[in-house]
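Down below is the structure, laid out as structure tokens.
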Amino acid sequence: MGGDSQTKGTSAQPVRGPLTIGPHISASGGWKAMGERALSIGATTFAFFTRNPHRGSTLKSLDETDPAELAQLMEDNGFGTLVAHAPYTMNLCSAKPDIVEFGRQMMAEDIARLDEAIPGSYYNFHPGSHVKQGADEGIRLICEGLDQVLVPGQKTRVLLETMAGKGSEVGRTFEELERIIEGTKHGDMLGVCLDTCHVWDGGYDIVGDLDGVLDEFDRVIGLDRLCALHVNDSKNPRGSHKDRHEKIGQGEIGLEGFRGIVANERLRGLPMILETPNELEGFGAEIQLLQSMASEGARA
Ligand code: FE
Ligand code: FE
Ligand code: ZN
């Protein structure tokens with residue numbers, strides 16, 4: 001943490017810095033409650049599950065308040081774009097047709113809901129696990145699903161998340177994500193959310209050569225498609241394909257790794273979402289830490 005005035009307990013007003021940053025928070029209490037929780041820890045964006053992440057039920061908790069109240073709160077406080085997260089059960093390339101169908105149905109409903117509630121948000125999803133079908137068939141199924149679900153003129157941009165390559169996950173390499181984007185009719189509605197833990201576990205050296213990784217992203221996918229970041233440290237070494245998130249600075253990416261990330265010009269302005277193992281207060285401390293490192297980077 002930088003200045004001494006910021007470290008005197010939780011009652012102090014959180015310091016706003018150059019980053020658009022916030023945590024993944026619980027959707028309980030509805031739209032406005034999410035915004036208020038984010039605001040209370042100095043966040044300027046946030047992520048949330050559009051429905052129960054594991055079972056994938058309905059969106060009822062978000063109906064409890066008017067989304068217009070959240071929109072107003074966001075406007076009053078200079079929030080950036082929200083990054084909604086699809087449920088983990090969504091697998092657009094499952095070997096089981098009923099799971100594929102359920103995933104498509106959830107995505108269509110979620111996009112329609114976001115379009116209505118907070119137009120212009122991002123909707124982030126895990127491309128899927130192809131199980132034993134192979135990456136080619138997995139990519140084909142994902143593209144088929146996106147072609148079926150995405151609607152011309154929708155306000156929500158759908159983000160493919162970079163994955164760690166655990167099991168048969170599709171999306172461990174930039175090449176696989178590009179094949180999905182290229183393989184759909186709706187590439188203009190798609191983007192990428194880069195998860196720092198996942199790309200690290202996937203083998204990309206974002207600590208030793210962040211600019212090299214971003215060059216590669218630019219060459220393969222195009223940096224204009226990079227819409228958001230998940231900012232997580234990793235419990236495991238690079239290339240481990242494990243996907244275990246760690247608190248910022250306490251894992252293998254480490255504080256210096258994040259200093260490089262928040263200082264990088266090409267990542268400026270992107271919504272940064274924390275999915276670290278924290279409660280609200282811990283997220284607040286990480287926001288302050290990253291904001292102060294970003295301010296130092298900007299002065300340097
Ligand atoms: Fe995710
Ligand atoms: Fe993530
Ligand atoms: Zn993860």
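By order of appearance in the structure tokens: chains A, B, ..., then residues from 1 within every chain, and ligands from 1 in the order shown.
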
Write down as a PyMOL selection string the residues belonging to region 93-263 of chain A that are assigned strand (DSSP E) by DSSP computed on the backbone.
chain A and resi 122-125+128-129+157-161+169-170+190-195+226-231+233-234+245-246

Could you build a table of the residues in chain A lying no more than 9 Å from ligand 3, giving for each the nearest pair of atoms and their separation in Å rounded to one decimal place, using only C-alpha atoms and all ligand atoms, ordered by chain and ascending residue number, as a Markdown table?
```
| residue | atom | partner | partner_atom_place_in_ligand_line | distance |
| --- | --- | --- | --- | --- |
| A:Met163 | CA | ligand 3 | 1 (Zn) | 7.4 |
| A:Ala164 | CA | ligand 3 | 1 (Zn) | 7.4 |
| A:Asp195 | CA | ligand 3 | 1 (Zn) | 7.3 |
| A:Thr196 | CA | ligand 3 | 1 (Zn) | 9.0 |
| A:Cys197 | CA | ligand 3 | 1 (Zn) | 6.7 |
| A:His198 | CA | ligand 3 | 1 (Zn) | 6.0 |
| A:His230 | CA | ligand 3 | 1 (Zn) | 8.7 |
| A:Asn232 | CA | ligand 3 | 1 (Zn) | 8.2 |
| A:Lys242 | CA | ligand 3 | 1 (Zn) | 8.8 |
| A:Asp243 | CA | ligand 3 | 1 (Zn) | 5.0 |
| A:Arg244 | CA | ligand 3 | 1 (Zn) | 6.3 |
| A:His245 | CA | ligand 3 | 1 (Zn) | 6.2 |
| A:Glu275 | CA | ligand 3 | 1 (Zn) | 7.8 |
```

Can you spit out the residues from that selection as a PDB file, in the first residue's frame, using C-alpha atoms?
```pdb
ATOM      1  CA  MET A 163      -8.599 -21.379 -19.961  1.00  0.00           C
ATOM      2  CA  ALA A 164      -5.869 -23.191 -18.010  1.00  0.00           C
ATOM      3  CA  ASP A 195      -7.631 -14.691 -16.988  1.00  0.00           C
ATOM      4  CA  THR A 196      -4.101 -14.180 -15.645  1.00  0.00           C
ATOM      5  CA  CYS A 197      -4.150 -17.404 -13.585  1.00  0.00           C
ATOM      6  CA  HIS A 198      -5.452 -19.399 -16.537  1.00  0.00           C
ATOM      7  CA  HIS A 230      -9.619 -11.703 -14.708  1.00  0.00           C
ATOM      8  CA  ASN A 232      -5.882 -13.730 -10.223  1.00  0.00           C
ATOM      9  CA  LYS A 242      -4.282 -26.705 -12.706  1.00  0.00           C
ATOM     10  CA  ASP A 243      -6.496 -23.581 -12.391  1.00  0.00           C
ATOM     11  CA  ARG A 244      -6.190 -22.840  -8.674  1.00  0.00           C
ATOM     12  CA  HIS A 245      -6.524 -19.122  -7.959  1.00  0.00           C
ATOM     13  CA  GLU A 275     -11.626 -13.805  -8.612  1.00  0.00           C
TER      14      GLU A 275
END
```

If you run DSSP on the backbone here, which positions in region 7-168 of chain A get alpha helix (DSSP H)? Please write them as a ChimeraX atom specification.
/A:31-40,67-76,97-117,135-149

Which residues, written as a list in words, have at least one atom at most 10 Å from Tyr204 (chain A), with only C-alpha atoms counted and residues fewer than 4 positions away on the same chain left out?
Ala164, Arg172, Thr173, Thr196, Cys197, His198, Val199, Trp200, Gly208, Asp209, Leu210, Gly212, Val213, Leu214, Glu216, Arg238 and Gly239 of chain A

Cut-off 12 Å, only C-alpha atoms and all ligand atoms, neighbours of ligand 2 as a PyMOL selection string
chain A and resi 23-24+47-49+83-88+124-127+159-164+192-201+228-234+243-246+272-276

I need the residue nearest Glu36 (chain A) from this list: A:Leu114, A:Ile142, A:Met106, A:Leu280. Use only C-alpha atoms for the distance.
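Going through A:Leu114, A:Ile142, A:Met106, A:Leu280 one by one, the smallest distance to Glu36 (chain A) is for A:Leu280.
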
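The space between CA of Val220 (chain A) and CA of Ile180 (chain A) spans 12.1 Å.
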